[in-house]
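K.L.:
Structure below; questions to follow.
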Amino acid sequence: MNERMILSIGLISGTGNLGPGLARRWAMAGYRVIIGSRSLEKAQRVADELNAELEMESIVGMENADAARSADICVLTVKSTAHAASVEGIKHEVKDKIVIDATSRVDFRDPKPPSSPSAPEIAREMIGDGARVVAAFQTIPAHALNENPHTSLDLDVLIAADDEADMEEVAKLVAAAGLNPYFVGGLEKAIVLEGMTALAISMNKHYQSREGTFRVEGIQN
Ligand SMILES: NC(=O)c1ccc[n+]([C@@H]2O[C@H](COP(=O)([O-])OP(=O)(O)OC[C@H]3O[C@@H](n4cnc5c(N)ncnc54)[C@H](OP(=O)(O)O)[C@@H]3O)[C@@H](O)[C@H]2O)c1
């Protein structure tokens with residue numbers, strides 16, 4: 001599976017704030033993008049809207065389990081309070097596939113770092129044998145991704161993964177989306193990424209921004 005080229009990306013619950021921002025960028029980079037949802041109708045509506053906006057036809061909508069089954073790689077962009085339910089719904093479809101988990105269990109109204117284990121570690125445990133979960137995008141504000149989808153953004157995406165080859169695959173997708181990938185260590189670091197989201201939300205609230213994030217300095221990647 002590691003050798004297989006990634007051609008299609010399934011955004012599980014990709015109908016919210018984060019999913020469409022990533023979908024636009026990967027569709028523009030030539031990937032077959034599948035928007036997943038609990039509702040086929042909603043998935044197709046969001047896919048149609050994105051196709052119309054980008055003047056393409058390649059983005060499709062499916063129910064989450066079908067999206068997970070059809071895609072070479074999945075990205076979990078579900079509302080954090082529904083993370084476990086969402087993983088439960090796709091866990092049989094994603095064995096031996098990379099699952100990028102973007103979840104941060106941080107409440108915007110009262111941003112506090114969540115307790116261990118992290119959401120990506122919970123996903124790995126739930127998927128069980130064959131799980132290949134990678135944590136990424138926790139610190140990237142969805143709003144920033146929606147800025148001009150045709151250009152690269154100087155945003156640093158922190159990636160936590162246990163398997164180096166899987167991390168490299170995710171780093172390629174991050175770069176294809178016009179963002180800068182940085183490996184931060186094994187999946188045990190995902191709890192730190194969730195905690196950083198609490199910092200980012202607090203800062204954005206304090207400074208009245210919607211796009212504040214963290215920048216890596218002193219490393220050439
Ligand atoms: N927003 C950001 O700036 C940002 C940045 C980095 C990481 N994240 C993380 O990315 C994930 C997605 O964030 P988001 O802001 O895009 O989330 P969101 O818009 O609140 O929700 C995403 C999707 O989750 C599904 N959903 C909502 N309630 C559900 C429920 N009760 N049960 C099952 N599915 C439900 C919906 O899809 P359907 O109705 O189509 O099923 C919804 O469109 C979160 O875990 C968040 O922590 C967000």
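As shown in the structure tokens, the chain order sets the letters A, B, ...; within each chain, residues go from 1, and ligands are also counted from 1 in the order they appear.
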Once you count only C-alpha atoms and all ligand atoms, which residues end up within 7 Å of ligand 1, and could you hand them over as a CSV table (one decimal) with all heavy atoms, in the first residue's frame?
P.N.:
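Wrote out.csv, looks like this:
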```csv
chain,number,residue,atom,x,y,z
A,13,SER,N,-16.6,14.1,6.5
A,13,SER,CA,-17.3,15.3,7.0
A,13,SER,C,-16.6,16.6,6.5
A,13,SER,O,-16.4,17.5,7.2
A,13,SER,CB,-17.3,15.3,8.5
A,13,SER,OG,-17.8,14.1,9.0
A,14,GLY,N,-16.4,16.6,5.2
A,14,GLY,CA,-15.7,17.7,4.5
A,14,GLY,C,-16.6,18.8,4.2
A,14,GLY,O,-16.2,19.6,3.3
A,15,THR,N,-17.8,18.9,4.8
A,15,THR,CA,-18.8,19.9,4.4
A,15,THR,C,-18.7,21.2,5.3
A,15,THR,O,-19.6,22.1,5.1
A,15,THR,CB,-20.2,19.3,4.5
A,15,THR,OG1,-20.3,18.8,5.8
A,15,THR,CG2,-20.4,18.2,3.4
A,16,GLY,N,-17.8,21.2,6.3
A,16,GLY,CA,-17.9,22.3,7.2
A,16,GLY,C,-16.9,23.4,6.9
A,16,GLY,O,-16.9,23.9,5.8
A,17,ASN,N,-16.1,23.9,7.9
A,17,ASN,CA,-15.2,25.0,7.7
A,17,ASN,C,-13.9,24.6,7.1
A,17,ASN,O,-13.4,25.2,6.1
A,17,ASN,CB,-15.0,25.7,9.0
A,17,ASN,CG,-16.2,26.2,9.7
A,17,ASN,OD1,-17.0,26.9,9.0
A,17,ASN,ND2,-16.5,25.8,10.9
A,18,LEU,N,-13.3,23.5,7.6
A,18,LEU,CA,-12.0,23.1,7.2
A,18,LEU,C,-12.0,22.3,5.9
A,18,LEU,O,-11.1,22.5,5.0
A,18,LEU,CB,-11.3,22.3,8.3
A,18,LEU,CG,-9.9,21.9,8.0
A,18,LEU,CD1,-9.0,23.1,8.0
A,18,LEU,CD2,-9.4,21.0,9.1
A,19,GLY,N,-13.0,21.4,5.7
A,19,GLY,CA,-13.0,20.5,4.6
A,19,GLY,C,-12.9,21.2,3.2
A,19,GLY,O,-12.0,21.0,2.4
A,36,GLY,N,-17.1,14.0,1.8
A,36,GLY,CA,-17.9,13.1,2.6
A,36,GLY,C,-18.9,13.8,3.5
A,36,GLY,O,-18.6,14.9,3.9
A,37,SER,N,-20.0,13.2,3.8
A,37,SER,CA,-21.0,13.8,4.7
A,37,SER,C,-21.8,12.7,5.2
A,37,SER,O,-21.9,11.6,4.7
A,37,SER,CB,-21.8,14.8,3.9
A,37,SER,OG,-22.9,15.2,4.7
A,38,ARG,N,-22.6,13.0,6.3
A,38,ARG,CA,-23.6,12.0,6.7
A,38,ARG,C,-24.7,12.0,5.7
A,38,ARG,O,-25.5,11.0,5.6
A,38,ARG,CB,-24.2,12.4,8.1
A,38,ARG,CG,-23.3,12.3,9.2
A,38,ARG,CD,-23.8,13.0,10.5
A,38,ARG,NE,-23.8,14.4,10.3
A,38,ARG,CZ,-24.3,15.3,11.2
A,38,ARG,NH1,-24.8,14.9,12.3
A,38,ARG,NH2,-24.2,16.6,10.9
A,39,SER,N,-24.9,13.0,5.0
A,39,SER,CA,-26.0,13.2,4.0
A,39,SER,C,-25.4,13.2,2.6
A,39,SER,O,-24.6,14.1,2.3
A,39,SER,CB,-26.8,14.4,4.3
A,39,SER,OG,-27.3,15.0,3.1
A,42,LYS,N,-26.2,16.6,0.9
A,42,LYS,CA,-25.3,17.7,1.4
A,42,LYS,C,-23.9,17.6,0.8
A,42,LYS,O,-23.4,18.6,0.3
A,42,LYS,CB,-25.2,17.7,2.9
A,42,LYS,CG,-24.4,18.8,3.5
A,42,LYS,CD,-24.5,18.8,5.1
A,42,LYS,CE,-23.7,19.8,5.7
A,42,LYS,NZ,-23.7,19.7,7.2
A,43,ALA,N,-23.4,16.4,0.7
A,43,ALA,CA,-22.1,16.2,0.1
A,43,ALA,C,-22.1,16.6,-1.3
A,43,ALA,O,-21.1,17.3,-1.8
A,43,ALA,CB,-21.7,14.7,0.2
A,76,LEU,N,-9.8,13.4,8.1
A,76,LEU,CA,-11.0,13.6,9.1
A,76,LEU,C,-11.1,15.0,9.4
A,76,LEU,O,-10.3,15.6,10.1
A,76,LEU,CB,-10.7,12.8,10.4
A,76,LEU,CG,-11.2,11.5,10.6
A,76,LEU,CD1,-10.8,11.0,12.0
A,76,LEU,CD2,-12.8,11.5,10.6
A,77,THR,N,-12.2,15.6,8.9
A,77,THR,CA,-12.5,17.0,9.2
A,77,THR,C,-13.9,17.2,9.8
A,77,THR,O,-14.6,18.1,9.5
A,77,THR,CB,-12.4,17.9,7.9
A,77,THR,OG1,-13.3,17.3,6.9
A,77,THR,CG2,-11.0,17.9,7.3
A,78,VAL,N,-14.1,16.3,10.7
A,78,VAL,CA,-15.4,16.3,11.4
A,78,VAL,C,-15.4,17.2,12.6
A,78,VAL,O,-14.4,17.4,13.2
A,78,VAL,CB,-15.8,14.9,11.8
A,78,VAL,CG1,-14.9,14.3,12.9
A,78,VAL,CG2,-17.3,14.8,12.3
A,79,LYS,N,-16.6,17.8,12.9
A,79,LYS,CA,-16.7,18.6,14.2
A,79,LYS,C,-16.2,17.7,15.3
A,79,LYS,O,-16.5,16.6,15.4
A,79,LYS,CB,-18.2,18.8,14.4
A,79,LYS,CG,-18.6,19.8,15.5
A,79,LYS,CD,-20.1,19.9,15.5
A,79,LYS,CE,-20.6,20.6,16.7
A,79,LYS,NZ,-20.7,22.1,16.5
A,80,SER,N,-15.4,18.4,16.2
A,80,SER,CA,-14.6,17.6,17.1
A,80,SER,C,-15.4,16.8,18.1
A,80,SER,O,-15.1,15.7,18.5
A,80,SER,CB,-13.6,18.5,17.9
A,80,SER,OG,-14.3,19.5,18.6
A,81,THR,N,-16.6,17.3,18.4
A,81,THR,CA,-17.5,16.5,19.4
A,81,THR,C,-18.1,15.3,18.7
A,81,THR,O,-18.6,14.4,19.4
A,81,THR,CB,-18.7,17.4,19.8
A,81,THR,OG1,-19.3,18.0,18.7
A,81,THR,CG2,-18.2,18.5,20.8
A,82,ALA,N,-18.0,15.2,17.4
A,82,ALA,CA,-18.5,14.0,16.7
A,82,ALA,C,-17.3,13.1,16.2
A,82,ALA,O,-17.6,12.2,15.4
A,82,ALA,CB,-19.4,14.4,15.5
A,83,HIS,N,-16.1,13.3,16.7
A,83,HIS,CA,-15.0,12.6,16.2
A,83,HIS,C,-15.1,11.1,16.3
A,83,HIS,O,-15.0,10.3,15.4
A,83,HIS,CB,-13.7,13.1,17.0
A,83,HIS,CG,-12.5,12.3,16.7
A,83,HIS,ND1,-12.0,11.3,17.5
A,83,HIS,CD2,-11.6,12.4,15.6
A,83,HIS,CE1,-10.8,10.9,17.0
A,83,HIS,NE2,-10.6,11.5,15.8
A,85,ALA,N,-17.8,9.2,16.8
A,85,ALA,CA,-18.9,8.7,15.9
A,85,ALA,C,-18.5,8.6,14.5
A,85,ALA,O,-18.8,7.6,13.8
A,85,ALA,CB,-20.1,9.6,16.1
A,86,SER,N,-17.7,9.6,14.1
A,86,SER,CA,-17.2,9.6,12.7
A,86,SER,C,-16.2,8.5,12.4
A,86,SER,O,-16.3,7.8,11.4
A,86,SER,CB,-16.6,11.0,12.4
A,86,SER,OG,-16.3,11.1,11.0
A,102,ALA,N,-7.4,15.8,11.5
A,102,ALA,CA,-7.2,17.2,11.8
A,102,ALA,C,-7.8,17.7,13.1
A,102,ALA,O,-7.8,18.8,13.4
A,102,ALA,CB,-7.7,18.0,10.6
A,103,THR,N,-8.4,16.7,13.8
A,103,THR,CA,-9.2,17.1,15.0
A,103,THR,C,-8.5,17.7,16.1
A,103,THR,O,-7.4,17.2,16.5
A,103,THR,CB,-9.9,15.8,15.5
A,103,THR,OG1,-10.6,15.1,14.4
A,103,THR,CG2,-10.9,16.1,16.6
A,104,SER,N,-9.1,18.8,16.6
A,104,SER,CA,-8.6,19.4,17.9
A,104,SER,C,-9.8,19.6,18.7
A,104,SER,O,-10.8,20.3,18.4
A,104,SER,CB,-8.1,20.8,17.6
A,104,SER,OG,-6.7,20.8,17.3
A,105,ARG,N,-9.8,18.9,19.9
A,105,ARG,CA,-11.0,18.9,20.8
A,105,ARG,C,-11.0,20.1,21.7
A,105,ARG,O,-10.8,20.0,22.9
A,105,ARG,CB,-11.1,17.6,21.6
A,105,ARG,CG,-11.3,16.4,20.7
A,105,ARG,CD,-10.8,15.1,21.4
A,105,ARG,NE,-9.4,15.3,21.8
A,105,ARG,CZ,-8.8,14.7,22.8
A,105,ARG,NH1,-9.5,13.8,23.5
A,105,ARG,NH2,-7.5,14.9,23.1
A,106,VAL,N,-11.1,21.3,21.0
A,106,VAL,CA,-11.0,22.6,21.8
A,106,VAL,C,-12.2,23.4,21.5
A,106,VAL,O,-12.6,23.5,20.4
A,106,VAL,CB,-9.7,23.4,21.4
A,106,VAL,CG1,-9.7,24.7,22.1
A,106,VAL,CG2,-8.5,22.6,21.6
A,137,PHE,N,-2.8,19.6,10.4
A,137,PHE,CA,-3.7,20.7,10.2
A,137,PHE,C,-4.3,21.3,11.4
A,137,PHE,O,-5.1,22.3,11.3
A,137,PHE,CB,-4.8,20.4,9.2
A,137,PHE,CG,-4.3,20.0,7.8
A,137,PHE,CD1,-4.4,18.7,7.4
A,137,PHE,CD2,-3.6,20.9,7.0
A,137,PHE,CE1,-3.9,18.3,6.1
A,137,PHE,CE2,-3.2,20.6,5.7
A,137,PHE,CZ,-3.3,19.2,5.3
A,138,GLN,N,-4.0,20.7,12.6
A,138,GLN,CA,-4.6,21.2,13.8
A,138,GLN,C,-4.5,22.7,14.0
A,138,GLN,O,-5.3,23.4,14.5
A,138,GLN,CB,-4.0,20.5,15.1
A,138,GLN,CG,-4.7,19.2,15.4
A,138,GLN,CD,-4.3,18.1,14.5
A,138,GLN,OE1,-3.4,18.2,13.7
A,138,GLN,NE2,-4.9,16.9,14.7
A,139,THR,N,-3.3,23.3,13.6
A,139,THR,CA,-3.0,24.7,13.9
A,139,THR,C,-3.3,25.6,12.8
A,139,THR,O,-2.9,26.8,12.8
A,139,THR,CB,-1.5,24.8,14.4
A,139,THR,OG1,-0.7,24.3,13.3
A,139,THR,CG2,-1.2,24.0,15.6
A,140,ILE,N,-3.9,25.1,11.7
A,140,ILE,CA,-4.1,25.9,10.5
A,140,ILE,C,-5.6,26.4,10.6
A,140,ILE,O,-6.5,25.6,10.5
A,140,ILE,CB,-3.9,25.1,9.2
A,140,ILE,CG1,-2.5,24.6,9.1
A,140,ILE,CG2,-4.3,26.0,8.0
A,140,ILE,CD1,-1.4,25.7,9.1
A,141,PRO,N,-5.8,27.7,10.7
A,141,PRO,CA,-7.2,28.2,10.7
A,141,PRO,C,-7.9,28.0,9.4
A,141,PRO,O,-7.3,28.4,8.4
A,141,PRO,CB,-7.1,29.7,11.1
A,141,PRO,CG,-5.6,30.0,11.3
A,141,PRO,CD,-4.8,28.8,10.8
A,142,ALA,N,-9.1,27.5,9.4
A,142,ALA,CA,-9.8,27.2,8.2
A,142,ALA,C,-10.0,28.5,7.4
A,142,ALA,O,-9.9,28.5,6.1
A,142,ALA,CB,-11.2,26.6,8.5
A,143,HIS,N,-10.2,29.6,8.1
A,143,HIS,CA,-10.4,30.9,7.4
A,143,HIS,C,-9.2,31.2,6.5
A,143,HIS,O,-9.4,31.8,5.4
A,143,HIS,CB,-10.7,32.0,8.5
A,143,HIS,CG,-11.3,33.2,7.9
A,143,HIS,ND1,-10.6,34.3,7.6
A,143,HIS,CD2,-12.6,33.4,7.5
A,143,HIS,CE1,-11.4,35.2,7.1
A,143,HIS,NE2,-12.6,34.7,7.0
```
K.L.:
Would you mind writing down, as JSON, numbers by chain, each residue of range 9-158 of chain A that DSSP on the backbone assigns to alpha helix (DSSP H)?
P.N.:
{"A": [18, 19, 20, 21, 22, 23, 24, 25, 26, 27, 28, 40, 41, 42, 43, 44, 45, 46, 47, 48, 49, 50, 51, 52, 53, 54, 64, 65, 66, 67, 68, 69, 70, 83, 84, 85, 86, 87, 88, 89, 90, 119, 120, 121, 122, 123, 124, 125, 126, 127, 142, 143, 144, 145]}
K.L.:
Nearest residue to Glu168 in chain A out of A:Leu199, A:Val134, A:Ala144, A:Ile191, using only C-alpha atoms?
P.N.:
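Closest to Glu168 in chain A, using only C-alpha atoms: A:Val134.
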K.L.:
Grab the CA of Ser152 in chain A to CA of Arg25 in chain A distance for me, in Å with one decimal place.
P.N.:
9.1 Å
K.L.:
Using only C-alpha atoms, what does the table of range 83-131 of chain A residues within 9 Å of range 46-70 of chain A look like, with each row giving the shortest atom pair and its distance in Å to one decimal, sorted by chain and ascending number, as CSV?
P.N.:
```
residue,atom,partner,partner_atom,distance
A:Ser86,CA,A:Asn64,CA,8.2
A:Gly89,CA,A:Ala65,CA,6.4
A:Ile90,CA,A:Ala65,CA,5.1
A:Lys91,CA,A:Ala65,CA,8.6
A:His92,CA,A:Arg69,CA,8.7
A:Glu93,CA,A:Arg69,CA,5.0
A:Val94,CA,A:Ala68,CA,6.4
```
K.L.:
Go ahead and write the residues just picked, all heavy atoms, as a tab-separated table (two decimals), in the first residue's frame.
P.N.:
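Result went into result20.tsv, see below:
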```
chain	number	residue	atom	x	y	z
A	86	SER	N	-17.69	9.57	14.05
A	86	SER	CA	-17.25	9.60	12.66
A	86	SER	C	-16.24	8.48	12.39
A	86	SER	O	-16.32	7.79	11.37
A	86	SER	CB	-16.64	10.98	12.37
A	86	SER	OG	-16.28	11.09	11.04
A	89	GLY	N	-17.86	5.18	12.06
A	89	GLY	CA	-18.55	4.99	10.79
A	89	GLY	C	-17.65	4.63	9.62
A	89	GLY	O	-18.12	4.13	8.60
A	90	ILE	N	-16.35	4.90	9.75
A	90	ILE	CA	-15.45	4.63	8.60
A	90	ILE	C	-14.37	3.61	8.94
A	90	ILE	O	-13.57	3.26	8.07
A	90	ILE	CB	-14.76	5.93	8.09
A	90	ILE	CG1	-13.89	6.57	9.19
A	90	ILE	CG2	-15.80	6.91	7.55
A	90	ILE	CD1	-12.85	7.54	8.67
A	91	LYS	N	-14.33	3.13	10.18
A	91	LYS	CA	-13.14	2.39	10.61
A	91	LYS	C	-12.88	1.13	9.79
A	91	LYS	O	-11.71	0.76	9.58
A	91	LYS	CB	-13.20	2.07	12.11
A	91	LYS	CG	-14.28	1.11	12.52
A	91	LYS	CD	-14.24	0.90	14.03
A	91	LYS	CE	-15.24	-0.16	14.43
A	91	LYS	NZ	-15.33	-0.32	15.89
A	92	HIS	N	-13.93	0.50	9.27
A	92	HIS	CA	-13.70	-0.72	8.48
A	92	HIS	C	-13.22	-0.39	7.07
A	92	HIS	O	-12.71	-1.26	6.37
A	92	HIS	CB	-14.99	-1.56	8.41
A	92	HIS	CG	-15.44	-2.01	9.76
A	92	HIS	ND1	-14.66	-2.81	10.57
A	92	HIS	CD2	-16.56	-1.73	10.47
A	92	HIS	CE1	-15.29	-3.01	11.72
A	92	HIS	NE2	-16.45	-2.37	11.69
A	93	GLU	N	-13.41	0.85	6.65
A	93	GLU	CA	-13.06	1.25	5.27
A	93	GLU	C	-11.64	1.78	5.19
A	93	GLU	O	-11.14	1.97	4.07
A	93	GLU	CB	-14.02	2.36	4.77
A	93	GLU	CG	-15.48	2.15	5.05
A	93	GLU	CD	-16.03	0.90	4.38
A	93	GLU	OE1	-15.39	0.40	3.44
A	93	GLU	OE2	-17.09	0.42	4.84
A	94	VAL	N	-11.02	2.07	6.31
A	94	VAL	CA	-9.72	2.77	6.26
A	94	VAL	C	-8.55	1.94	6.76
A	94	VAL	O	-7.46	2.47	6.95
A	94	VAL	CB	-9.78	4.12	7.02
A	94	VAL	CG1	-10.77	5.07	6.35
A	94	VAL	CG2	-10.14	3.93	8.48
```
K.L.:
Give me the residues near Arg215 in chain A as an NGL selection string, where near means some atom within 9 Å (using only C-alpha atoms) and where sequence neighbours in that chain fewer than 6 positions away do not count.
P.N.:
:A and (154-157)
K.L.:
I need the residue nearest Pro120 in chain A from this list: A:Val75, A:Leu158, A:Leu187, A:Leu7. Use only C-alpha atoms for the distance.
P.N.:
A:Leu187
